[in-house]
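A.B. asks: Have a look at this one before I ask anything.
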Amino acid sequence: MKRTIIGLLCALVTPIVFAQTSTTTTEETTTSTKPATATETTTSTTYTAGTVTTYEPGKTVVVRGDQGPVSFALGTAARVVDAAGKVVTAPLRAGQKVRVYYTGPEEKRVVERVIVED
């Protein structure tokens, strides 16, 4: 009978002694990025109409209008076109009527296009 009791005790204790415990670790990582700040820039195109007084191809054009002579620096992006929108290959002459479209303040004017009116 002792053997039976010891056998039963061993049978009851064995699963507890040899039981494996498992540990599950869950790690949650949250990464947030700040949204990029949006900058809104508004540019308006302005024009000056008048007659050409001096012209240096690719450099400057001086136009005499209602406000008097106004000088413009011509960049590589400036286009000289006629009223139909076709590119003018001949250099501007003194006395030609033009309309100079530009953006930016007075001290930093960027010429977009020059339209020859006659």
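Every chain in the structure tokens takes a letter, A first, then B, and so on in the order presented; its residues are numbered from 1, and the ligands are numbered from 1 following the presented order.
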Within 9 Å of Asp66 (chain A), counting only C-alpha atoms, which residues show up once you throw out same-chain ones fewer than 2 positions away? Write them as a PyMOL selection string, please.

C.D. replies: chain A and resi 48-50+64+68-69

A.B. asks: Excluding region 80-95 of chain A and its own-chain neighbours fewer than 4 positions away, which residues fall within 7 Å of it when counting only C-alpha atoms? Please give them as a PyMOL selection string.

C.D. replies: chain A and resi 51-55+57+113-117

A.B. asks: Between CA of Val62 (chain A) and CA of Val111 (chain A), what distance in Å does the model show, to one decimal?

C.D. replies: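 Separation of CA of Val62 (chain A) and CA of Val111 (chain A): 12.1 Å.
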
A.B. asks: Kindly indicate which residue among A:Ser71, A:Gln96, A:Thr103, A:Thr60 lies nearest to Ser44 (chain A), using only C-alpha atoms for the distances.

C.D. replies: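 Of A:Ser71, A:Gln96, A:Thr103, A:Thr60, the one nearest Ser44 (chain A) is A:Thr103, counting only C-alpha atoms.
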
A.B. asks: What's the separation between CA of Thr45 (chain A) and CA of Lys97 (chain A), in Å to one decimal place?

C.D. replies: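 That distance, rounded to one decimal, is 19.2 Å.
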
A.B. asks: For a test of reading the model, state the distance in Å between CA of Tyr102 (chain A) and CA of Thr76 (chain A), rounded to one decimal.

C.D. replies: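 Atom-to-atom, CA of Tyr102 (chain A) to CA of Thr76 (chain A), that is 13.5 Å.
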
A.B. asks: For Gly58 (chain A), find every residue with an atom within 10 Å (counting only C-alpha atoms), except residues of its own chain fewer than 3 positions away, and show them as a short mmCIF file (atom, residue, chain, number, x, y, z; two decimals) with C-alpha atoms, in the first residue's frame.

C.D. replies:
data_model
loop_
_atom_site.label_atom_id
_atom_site.label_comp_id
_atom_site.auth_asym_id
_atom_site.auth_seq_id
_atom_site.Cartn_x
_atom_site.Cartn_y
_atom_site.Cartn_z
CA TYR A 55 18.71 96.46 -74.91
CA VAL A 61 16.42 95.87 -71.19
CA ALA A 73 17.69 92.11 -65.79
CA LEU A 74 17.08 89.30 -68.25
CA GLY A 75 17.84 85.80 -67.05
CA THR A 76 18.14 82.60 -69.04
CA ALA A 77 14.43 81.81 -68.53
CA ALA A 78 13.18 85.10 -70.05
CA ARG A 79 11.52 84.68 -73.45
CA PRO A 91 17.29 91.66 -81.08
#
